[in-house]
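See structure below.
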Amino acid sequence: MPVRAEHDRGVLAALLGRDPVLHAYQLGDLDDFFWPYTSWFRHGEQVALLYHGVSPPTLLAFAAPADVDELAVLLADHAPVL
């Protein structure tokens with residue numbers, strides 16, 4: 001499964017909401033105030049957020065220990081774009 005941009009807040013909320021403590025910052029960035037400053041990417045169940053409301057932009061990508069390999073694929077595949 002390739003890395004893809006994700007624009008559906010409902011999908012993102014469902015994925016991130018599986019572990020709201022781990023993804024607290026990302027869940028907060030789904031808010032209307034922050035949403036215009038965000039770009040979201042996913043690979044399977046893993047999500048990375050590029051927040052470009054500050055300089056330099058900030059990448060947030062968190063995973064539970066069991067999911068680190070899938071998150072590493074997302075980041076490696078997306079590195080050329082970053």
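Following the order of the structure tokens, chains are lettered A, B, ..., residues in each are numbered from 1, and ligands are numbered from 1.
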Hey, what's within 10 Å of range 51-57 of chain A if we count only C-alpha atoms and toss same-chain stuff fewer than 5 positions away? As a short mmCIF file (atom, residue, chain, number, x, y, z; two decimals) with N, CA and C atoms, in the first residue's frame, please?
```cif
data_model
loop_
_atom_site.label_atom_id
_atom_site.label_comp_id
_atom_site.auth_asym_id
_atom_site.auth_seq_id
_atom_site.Cartn_x
_atom_site.Cartn_y
_atom_site.Cartn_z
N GLN A 26 -2.07 15.42 17.45
CA GLN A 26 -2.64 15.25 16.12
C GLN A 26 -4.16 15.38 16.14
N ASP A 29 -5.09 18.93 16.15
CA ASP A 29 -4.89 19.61 14.88
C ASP A 29 -5.99 19.32 13.86
N PHE A 34 -6.73 24.82 13.36
CA PHE A 34 -5.43 24.32 12.92
C PHE A 34 -5.46 23.66 11.54
N TRP A 35 -6.62 23.14 11.15
CA TRP A 35 -6.76 22.34 9.93
C TRP A 35 -6.10 22.97 8.69
N PRO A 36 -6.25 24.28 8.43
CA PRO A 36 -5.64 24.85 7.22
C PRO A 36 -4.11 24.78 7.19
N TYR A 37 -3.49 24.55 8.32
CA TYR A 37 -2.03 24.51 8.41
C TYR A 37 -1.49 23.09 8.45
N THR A 38 -2.31 22.13 8.09
CA THR A 38 -1.90 20.73 8.20
C THR A 38 -1.93 20.02 6.86
N SER A 39 -1.03 19.08 6.71
CA SER A 39 -1.02 18.12 5.60
C SER A 39 -0.88 16.74 6.24
N TRP A 40 -1.73 15.83 5.84
CA TRP A 40 -1.80 14.51 6.46
C TRP A 40 -1.44 13.43 5.45
N LEU A 82 9.30 15.33 1.62
CA LEU A 82 9.58 16.23 2.74
C LEU A 82 10.85 17.00 2.48
#
```
Which neighbours of range 12-22 of chain A fall inside 7 Å, counting only C-alpha atoms, when residues of the same chain fewer than 5 positions from it are skipped, and could you give them as a VMD selection string?
chain A and resid 27 45 62
Requested write-out: N, CA, C and O atoms of the selected residues, as an mmCIF file, in the first residue's frame:
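Wrote it out as again-v7.cif, contents follow:
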```
data_model
loop_
_atom_site.group_PDB
_atom_site.id
_atom_site.type_symbol
_atom_site.label_atom_id
_atom_site.label_comp_id
_atom_site.auth_asym_id
_atom_site.auth_seq_id
_atom_site.Cartn_x
_atom_site.Cartn_y
_atom_site.Cartn_z
ATOM 1 N N LEU A 27 -4.795 14.828 17.142
ATOM 2 C CA LEU A 27 -6.248 14.973 17.255
ATOM 3 C C LEU A 27 -6.632 16.445 17.411
ATOM 4 O O LEU A 27 -7.604 16.905 16.824
ATOM 5 N N GLU A 45 -2.713 1.897 8.426
ATOM 6 C CA GLU A 45 -3.317 2.468 9.624
ATOM 7 C C GLU A 45 -2.472 3.577 10.252
ATOM 8 O O GLU A 45 -2.881 4.193 11.234
ATOM 9 N N PHE A 62 3.711 9.314 15.259
ATOM 10 C CA PHE A 62 3.827 8.483 16.452
ATOM 11 C C PHE A 62 3.192 7.128 16.182
ATOM 12 O O PHE A 62 2.205 7.035 15.461
#
```
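Take the candidates A:Gly44, A:Asp69, A:Leu74, A:Leu60 and check each one against Val11 in chain A using only C-alpha atoms; the shortest distance goes to A:Gly44.
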List every residue of chain A that DSSP, applied to the backbone of this structure, assigns to strand (DSSP E), and report them as a PyMOL selection string.
chain A and resi 4-5+38-43+46-51+58-60
Can you write just those residues out, N, CA and C atoms, as a PDB file, in the first residue's frame?
```pdb
ATOM      1  N   ARG A   4      -0.204   7.888   0.952  1.00  0.00           N
ATOM      2  CA  ARG A   4      -1.152   8.760   0.272  1.00  0.00           C
ATOM      3  C   ARG A   4      -1.514   9.925   1.168  1.00  0.00           C
ATOM      4  N   ALA A   5      -1.859  11.028   0.546  1.00  0.00           N
ATOM      5  CA  ALA A   5      -2.372  12.160   1.309  1.00  0.00           C
ATOM      6  C   ALA A   5      -3.776  11.796   1.774  1.00  0.00           C
ATOM      7  N   THR A  38      -2.308  22.133   8.090  1.00  0.00           N
ATOM      8  CA  THR A  38      -1.900  20.735   8.201  1.00  0.00           C
ATOM      9  C   THR A  38      -1.930  20.018   6.858  1.00  0.00           C
ATOM     10  N   SER A  39      -1.026  19.079   6.711  1.00  0.00           N
ATOM     11  CA  SER A  39      -1.023  18.119   5.603  1.00  0.00           C
ATOM     12  C   SER A  39      -0.878  16.742   6.239  1.00  0.00           C
ATOM     13  N   TRP A  40      -1.727  15.832   5.843  1.00  0.00           N
ATOM     14  CA  TRP A  40      -1.797  14.513   6.457  1.00  0.00           C
ATOM     15  C   TRP A  40      -1.435  13.434   5.450  1.00  0.00           C
ATOM     16  N   PHE A  41      -0.708  12.435   5.921  1.00  0.00           N
ATOM     17  CA  PHE A  41      -0.283  11.331   5.063  1.00  0.00           C
ATOM     18  C   PHE A  41      -0.497  10.032   5.827  1.00  0.00           C
ATOM     19  N   ARG A  42      -0.816   8.983   5.081  1.00  0.00           N
ATOM     20  CA  ARG A  42      -1.018   7.703   5.750  1.00  0.00           C
ATOM     21  C   ARG A  42      -0.500   6.554   4.909  1.00  0.00           C
ATOM     22  N   HIS A  43      -0.183   5.511   5.623  1.00  0.00           N
ATOM     23  CA  HIS A  43       0.200   4.229   5.030  1.00  0.00           C
ATOM     24  C   HIS A  43      -0.509   3.180   5.862  1.00  0.00           C
ATOM     25  N   GLN A  46      -1.284   3.831   9.705  1.00  0.00           N
ATOM     26  CA  GLN A  46      -0.373   4.815  10.290  1.00  0.00           C
ATOM     27  C   GLN A  46      -0.549   6.183   9.650  1.00  0.00           C
ATOM     28  N   VAL A  47      -0.416   7.223  10.465  1.00  0.00           N
ATOM     29  CA  VAL A  47      -0.665   8.594  10.026  1.00  0.00           C
ATOM     30  C   VAL A  47       0.527   9.466  10.409  1.00  0.00           C
ATOM     31  N   ALA A  48       0.905  10.354   9.496  1.00  0.00           N
ATOM     32  CA  ALA A  48       1.912  11.381   9.782  1.00  0.00           C
ATOM     33  C   ALA A  48       1.285  12.729   9.470  1.00  0.00           C
ATOM     34  N   LEU A  49       1.588  13.700  10.291  1.00  0.00           N
ATOM     35  CA  LEU A  49       1.065  15.053  10.141  1.00  0.00           C
ATOM     36  C   LEU A  49       2.224  16.000   9.892  1.00  0.00           C
ATOM     37  N   LEU A  50       2.128  16.795   8.842  1.00  0.00           N
ATOM     38  CA  LEU A  50       3.071  17.880   8.607  1.00  0.00           C
ATOM     39  C   LEU A  50       2.332  19.172   8.939  1.00  0.00           C
ATOM     40  N   TYR A  51       2.760  19.818  10.021  1.00  0.00           N
ATOM     41  CA  TYR A  51       2.133  21.072  10.459  1.00  0.00           C
ATOM     42  C   TYR A  51       2.984  22.210   9.921  1.00  0.00           C
ATOM     43  N   THR A  58       6.679  21.308  11.192  1.00  0.00           N
ATOM     44  CA  THR A  58       6.891  20.241  12.168  1.00  0.00           C
ATOM     45  C   THR A  58       6.208  18.966  11.693  1.00  0.00           C
ATOM     46  N   LEU A  59       6.950  17.867  11.740  1.00  0.00           N
ATOM     47  CA  LEU A  59       6.402  16.570  11.378  1.00  0.00           C
ATOM     48  C   LEU A  59       6.082  15.806  12.654  1.00  0.00           C
ATOM     49  N   LEU A  60       4.850  15.337  12.773  1.00  0.00           N
ATOM     50  CA  LEU A  60       4.432  14.513  13.901  1.00  0.00           C
ATOM     51  C   LEU A  60       4.081  13.126  13.365  1.00  0.00           C
TER      52      LEU A  60
END
```
Taking the DSSP secondary structure from the backbone, can you list the residues of range 9-70 of chain A that are helix (DSSP H, G or I), as a PyMOL selection string?
chain A and resi 9-16+24-28+35-37+65-70
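The space between CA of Ala72 in chain A and CA of Asp32 in chain A spans 28.7 Å.
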So the first atom is CA of Pro80 in chain A and the second is CA of Asp8 in chain A; what is the distance between them in Å, to one decimal place?
23.4 Å
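Interatomic distance, CA of Tyr25 in chain A against CA of Arg9 in chain A: 14.4 Å.
Minimum atom-to-atom distance to Glu6 in chain A, evaluated using only C-alpha atoms, belongs to A:Leu30 out of A:Ala63, A:Leu30, A:Ala24, A:Ala76.
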